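Visitor: Below: one structure in structure tokens.
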Amino acid sequence: MTAITVLGSTNMDLVAYVPKAPRLGETVTGREFRTVSGGKGANQAVAAARLGARVAMIGAVGADAFGVRLRSALTAAGVDTCGLRTVEGASGTAHITVDDEGGNSIIVVPGANGLVTGLESGDEERIAAAGTLLLQLEVPLSAVTAAARAARAHGVRTVLTPAPVQPLPPDLPDAVDLLVPNEHEAAALTGLTDPRQAAAALLERFPEVVVTLGAAGALHAARGQEPYTVPAPRVRAVDTTAAGDTFAGALAVALGEGRPMREAMAWAAAAAALSVQRPGAQDAMPDRADTDAAFAAFAAGPQP
């Protein structure tokens with residue numbers, strides 16, 4: 001069983017489903033509203049745990065009803081929450097609009113996540129005990145950098161999803177082994193809209209990059225290697241909210257199990273494709289059996 005530690009956010013997702021997202025100044029009528037557990041860190045932790053990894057979570061929730069629910073959801077998924085501290089104030093929230101094409105727009109209010117400014121007692125040990133550290137940018141960069149440095153000191157692979165995208169500290173790339181942006185984040189970090197050009201530019205700062213391309217799959221680039229694209233299964237998307245987090249969690253599991261990168265990307269793409277066919281974030285994430293079956297079907301032949 002591969003061991004993964006996640007340092008990142010936990011949010012309660014407040015999700016409104018609408019036929020079409022409103023434009024600025026416009027009011028529309030939604031057809032459904034849900035509150036579901038989310039946050040990029042928690043999402044990646046749940047994705048990895050459902051796929052068979054032993055997962056520990058580092059982060060914070062507020063001393064409110066949302067905090068109780070967020071912790072319970074992680075525990076129910078099999079995630080170790082000893083590193084998830086409870087702080088005074090509100091838990092993080094994400095306000096999400098999902099349209100009938102499966103597209104989404106998201107406003108994140110950090111709440112307790114904003115108080116995760118560094119490592120606390122036991123956190124470095126949790127990182128050292130893992131084979132992979134998963135990071136995102138919904139907690140302060142000081143904590144992300146401290147965790148990455150701890151992972152580097154203990155020889156732990158570090159995978160960073162640079163979302164929400166923002167300028168990175170100059171010393172953070174030196175402690176990251178694999179960067180996993182989507183195509184929009186890659187463009188924002190480099191100023192280049194072509195994914196291959198953006199990936200090439202990112203290799204000046206990171207040794208290896210996987211750029212997710214939505215329905216088009218994912219692009220791999222590494223120093224000294226030719227880039228290549230791995231396709232994604234063709235599916236009808238219902239809700240893409242946690243597709244990237246599902247992909248990142250699944251990729252970490254596959255790499256931790258020793259799969260070659262191309263196969264790991266294809267397996268992660270199968271998991272992400274399953275997640276977008278269901279509403280919600282963590283609720284939509286597949287288990288190991290479903291992902292293995294989807295990967296086998298995808299690898300067996302052409303898509304319809």
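Simple scheme: letters A, B, ... for chains in structure tokens order, numbers from 1 for residues in each chain, numbers from 1 for ligands in the order shown.
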Considering only C-alpha atoms, return as a compact mmCIF listing (two decimals) with all heavy atoms, in the first residue's frame whatever protein or nucleic-acid residues lie within 8 Å of range 77-80 of chain A, sequence-local ones (same chain, fewer than 3 positions apart) excluded.
Guide:
# COMPACT_ATOMS: atom_id res chain seq x y z
N ALA A 45 -6.90 14.01 -1.02
CA ALA A 45 -6.75 12.98 0.00
C ALA A 45 -7.80 11.89 -0.16
O ALA A 45 -7.50 10.70 -0.09
CB ALA A 45 -6.84 13.62 1.39
N VAL A 46 -9.06 12.29 -0.35
CA VAL A 46 -10.13 11.31 -0.52
C VAL A 46 -9.93 10.50 -1.79
O VAL A 46 -10.11 9.27 -1.80
CB VAL A 46 -11.50 12.01 -0.52
CG1 VAL A 46 -12.61 11.04 -0.94
CG2 VAL A 46 -11.80 12.57 0.86
N ALA A 49 -7.25 7.94 -1.13
CA ALA A 49 -7.69 6.91 -0.18
C ALA A 49 -8.65 5.94 -0.83
O ALA A 49 -8.57 4.73 -0.61
CB ALA A 49 -8.33 7.57 1.04
N ARG A 50 -9.58 6.45 -1.62
CA ARG A 50 -10.55 5.56 -2.28
C ARG A 50 -9.86 4.64 -3.28
O ARG A 50 -10.38 3.56 -3.59
CB ARG A 50 -11.61 6.40 -2.98
CG ARG A 50 -12.59 7.04 -2.02
CD ARG A 50 -13.89 7.37 -2.66
NE ARG A 50 -14.78 7.96 -1.68
CZ ARG A 50 -15.72 8.83 -1.96
NH1 ARG A 50 -15.90 9.24 -3.21
NH2 ARG A 50 -16.50 9.31 -1.01
N ARG A 54 -2.74 4.65 1.65
CA ARG A 54 -2.81 5.04 3.06
C ARG A 54 -2.51 6.54 3.11
O ARG A 54 -1.41 6.97 2.75
CB ARG A 54 -1.79 4.26 3.90
CG ARG A 54 -1.92 4.52 5.40
CD ARG A 54 -1.01 3.63 6.22
NE ARG A 54 0.39 4.03 6.10
CZ ARG A 54 1.32 3.34 5.47
NH1 ARG A 54 1.01 2.21 4.85
NH2 ARG A 54 2.56 3.77 5.42
N VAL A 55 -3.47 7.35 3.55
CA VAL A 55 -3.40 8.80 3.38
C VAL A 55 -3.50 9.50 4.73
O VAL A 55 -4.36 9.16 5.56
CB VAL A 55 -4.53 9.30 2.46
CG1 VAL A 55 -4.41 10.82 2.25
CG2 VAL A 55 -4.48 8.58 1.11
N ALA A 56 -2.64 10.49 4.93
CA ALA A 56 -2.70 11.37 6.10
C ALA A 56 -2.93 12.79 5.63
O ALA A 56 -2.33 13.23 4.63
CB ALA A 56 -1.41 11.28 6.92
N MET A 57 -3.78 13.53 6.33
CA MET A 57 -4.14 14.89 5.95
C MET A 57 -3.59 15.89 6.96
O MET A 57 -3.73 15.71 8.17
CB MET A 57 -5.67 15.01 5.88
CG MET A 57 -6.19 16.39 5.53
SD MET A 57 -6.01 16.73 3.76
CE MET A 57 -6.26 18.51 3.74
N ALA A 73 -16.16 13.50 6.99
CA ALA A 73 -16.08 13.00 5.62
C ALA A 73 -14.72 12.40 5.32
O ALA A 73 -14.61 11.36 4.66
CB ALA A 73 -16.39 14.13 4.64
N LEU A 74 -13.66 13.04 5.80
CA LEU A 74 -12.31 12.51 5.58
C LEU A 74 -12.14 11.18 6.32
O LEU A 74 -11.60 10.21 5.77
CB LEU A 74 -11.27 13.51 6.05
CG LEU A 74 -11.06 14.73 5.14
CD1 LEU A 74 -10.29 15.81 5.88
CD2 LEU A 74 -10.33 14.33 3.87
N GLY A 83 -3.51 15.08 11.76
CA GLY A 83 -2.85 16.34 11.42
C GLY A 83 -3.82 17.43 11.00
O GLY A 83 -3.38 18.52 10.61
Visitor: For Ala186 in chain A, find every residue with an atom within 12 Å (counting only C-alpha atoms), except residues of its own chain fewer than 5 positions away, and show them as a PyMOL selection string.
Guide: chain A and resi 161-167+179-181+191-203+209-213+219
Visitor: Per residue of range 254-291 of chain A within 9 Å of range 2-25 of chain A, note the shortest atom pair and the distance in Å to one decimal, counting only C-alpha atoms, and order the rows by chain and increasing residue number, as a tab-separated table.
Guide:
residue	atom	partner	partner_atom	distance
A:Ala254	CA	A:Thr2	CA	8.8
A:Gly256	CA	A:Thr2	CA	5.5
A:Glu257	CA	A:Thr2	CA	6.2
A:Gly280	CA	A:Val15	CA	8.0
A:Ala281	CA	A:Asp13	CA	8.2
Visitor: Can you work out the spacing between CA of Thr86 in chain A and CA of Glu138 in chain A in Å, to one decimal?
Guide: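 A separation of 16.8 Å between them.
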Visitor: Would you give me, as a PyMOL selection string, the residues in range 56-271 of chain A that DSSP reads as strand (DSSP E or B)?
Guide: chain A and resi 56-62+80-87+92-98+104-109+132-135+157-160+178-179+182+208-212+218-222+228-230
Visitor: Report, in Å to a single decimal, how far apart CA of Gly122 in chain A and CA of Ala90 in chain A are.
Guide: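 We find that CA of Ala90 in chain A and CA of Gly122 in chain A lie 23.9 Å from each other.
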Visitor: Let's see if you can do this: from backbone DSSP, list all helix (DSSP H, G or I) residues in range 50-154 of chain A, as number ranges by chain.
Guide: A: 50, 65-76, 111-115, 123-128, 141-153
Visitor: Store the residues picked out above in a file with N, CA and C atoms, as a CSV table (one decimal), in the first residue's frame.
Guide:
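File produced: result.csv:
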chain,number,residue,atom,x,y,z
A,50,ARG,N,-9.6,6.5,-1.6
A,50,ARG,CA,-10.5,5.6,-2.3
A,50,ARG,C,-9.9,4.6,-3.3
A,65,ALA,N,-20.0,23.9,12.6
A,65,ALA,CA,-20.7,22.7,12.1
A,65,ALA,C,-20.0,22.2,10.8
A,66,PHE,N,-19.6,23.1,9.9
A,66,PHE,CA,-18.9,22.6,8.7
A,66,PHE,C,-17.7,21.9,9.1
A,67,GLY,N,-16.9,22.3,10.1
A,67,GLY,CA,-15.7,21.7,10.5
A,67,GLY,C,-15.9,20.2,10.9
A,68,VAL,N,-17.0,20.0,11.7
A,68,VAL,CA,-17.3,18.7,12.1
A,68,VAL,C,-17.6,17.8,10.9
A,69,ARG,N,-18.4,18.3,9.9
A,69,ARG,CA,-18.7,17.5,8.8
A,69,ARG,C,-17.5,17.2,7.9
A,70,LEU,N,-16.7,18.2,7.7
A,70,LEU,CA,-15.5,18.0,6.9
A,70,LEU,C,-14.5,17.0,7.5
A,71,ARG,N,-14.3,17.0,8.8
A,71,ARG,CA,-13.5,16.0,9.4
A,71,ARG,C,-14.1,14.6,9.3
A,72,SER,N,-15.4,14.5,9.5
A,72,SER,CA,-16.1,13.2,9.4
A,72,SER,C,-16.1,12.6,8.0
A,73,ALA,N,-16.2,13.5,7.0
A,73,ALA,CA,-16.1,13.0,5.6
A,73,ALA,C,-14.7,12.4,5.3
A,74,LEU,N,-13.7,13.0,5.8
A,74,LEU,CA,-12.3,12.5,5.6
A,74,LEU,C,-12.1,11.2,6.3
A,75,THR,N,-12.6,11.1,7.6
A,75,THR,CA,-12.5,9.9,8.3
A,75,THR,C,-13.2,8.8,7.7
A,76,ALA,N,-14.4,9.1,7.2
A,76,ALA,CA,-15.3,8.0,6.5
A,76,ALA,C,-14.6,7.5,5.3
A,111,GLY,N,-11.2,30.9,5.2
A,111,GLY,CA,-11.5,30.6,6.6
A,111,GLY,C,-10.3,30.0,7.3
A,112,ALA,N,-10.6,28.8,7.9
A,112,ALA,CA,-9.5,28.2,8.7
A,112,ALA,C,-8.3,27.8,7.9
A,113,ASN,N,-8.4,27.6,6.6
A,113,ASN,CA,-7.3,27.3,5.7
A,113,ASN,C,-6.2,28.4,5.8
A,114,GLY,N,-6.7,29.6,5.9
A,114,GLY,CA,-5.7,30.7,5.9
A,114,GLY,C,-4.8,30.8,7.2
A,115,LEU,N,-5.2,30.0,8.2
A,115,LEU,CA,-4.3,29.9,9.4
A,115,LEU,C,-3.3,28.8,9.3
A,123,ASP,N,3.9,17.2,12.1
A,123,ASP,CA,3.6,17.3,10.6
A,123,ASP,C,4.8,16.8,9.8
A,124,GLU,N,6.0,17.1,10.2
A,124,GLU,CA,7.2,16.7,9.5
A,124,GLU,C,7.3,15.2,9.5
A,125,GLU,N,7.0,14.6,10.7
A,125,GLU,CA,7.0,13.1,10.8
A,125,GLU,C,5.9,12.5,9.8
A,126,ARG,N,4.8,13.1,9.7
A,126,ARG,CA,3.7,12.6,8.8
A,126,ARG,C,4.2,12.7,7.3
A,127,ILE,N,4.9,13.7,7.0
A,127,ILE,CA,5.5,13.9,5.6
A,127,ILE,C,6.6,12.8,5.4
A,128,ALA,N,7.5,12.7,6.4
A,128,ALA,CA,8.6,11.7,6.3
A,128,ALA,C,8.1,10.3,6.1
A,141,LEU,N,1.3,30.1,1.2
A,141,LEU,CA,2.5,29.6,0.5
A,141,LEU,C,3.6,29.3,1.5
A,142,SER,N,3.6,29.9,2.7
A,142,SER,CA,4.6,29.6,3.7
A,142,SER,C,4.5,28.2,4.1
A,143,ALA,N,3.3,27.7,4.3
A,143,ALA,CA,3.1,26.3,4.7
A,143,ALA,C,3.4,25.3,3.5
A,144,VAL,N,3.1,25.7,2.3
A,144,VAL,CA,3.4,24.9,1.2
A,144,VAL,C,4.9,24.7,1.0
A,145,THR,N,5.6,25.8,1.1
A,145,THR,CA,7.0,25.8,1.0
A,145,THR,C,7.7,25.0,2.1
A,146,ALA,N,7.2,25.2,3.3
A,146,ALA,CA,7.8,24.4,4.5
A,146,ALA,C,7.6,22.9,4.3
A,147,ALA,N,6.4,22.5,3.8
A,147,ALA,CA,6.1,21.1,3.6
A,147,ALA,C,7.0,20.5,2.5
A,148,ALA,N,7.1,21.3,1.4
A,148,ALA,CA,8.0,20.8,0.3
A,148,ALA,C,9.4,20.7,0.7
A,149,ARG,N,9.9,21.6,1.5
A,149,ARG,CA,11.3,21.5,2.0
A,149,ARG,C,11.5,20.3,2.9
A,150,ALA,N,10.5,20.0,3.8
A,150,ALA,CA,10.5,18.8,4.6
A,150,ALA,C,10.5,17.6,3.8
A,151,ALA,N,9.7,17.5,2.8
A,151,ALA,CA,9.7,16.3,1.9
A,151,ALA,C,11.0,16.1,1.2
A,152,ARG,N,11.6,17.2,0.7
A,152,ARG,CA,12.9,17.1,0.1
A,152,ARG,C,14.0,16.6,1.0
A,153,ALA,N,13.9,17.1,2.3
A,153,ALA,CA,14.9,16.6,3.3
A,153,ALA,C,14.8,15.1,3.6
Visitor: Show me a table, sorted first by chain and then by increasing residue number, of the residues of range 131-161 of chain A having an atom at most 12 Å from range 222-246 of chain A, each with its shortest atom pair and the distance in Å to one decimal, counting only C-alpha atoms and written as a tab-separated table.
Guide:
residue	atom	partner	partner_atom	distance
A:Leu134	CA	A:Asp245	CA	10.2
A:Leu135	CA	A:Asp245	CA	10.6
A:Gln136	CA	A:Asp245	CA	9.5
A:Val159	CA	A:Asp245	CA	11.8
A:Leu160	CA	A:Asp245	CA	11.0
A:Thr161	CA	A:Asp245	CA	8.5
Visitor: Distance CA of Arg278 in chain A-CA of Ala300 in chain A, one decimal place?
Guide: 23.4 Å
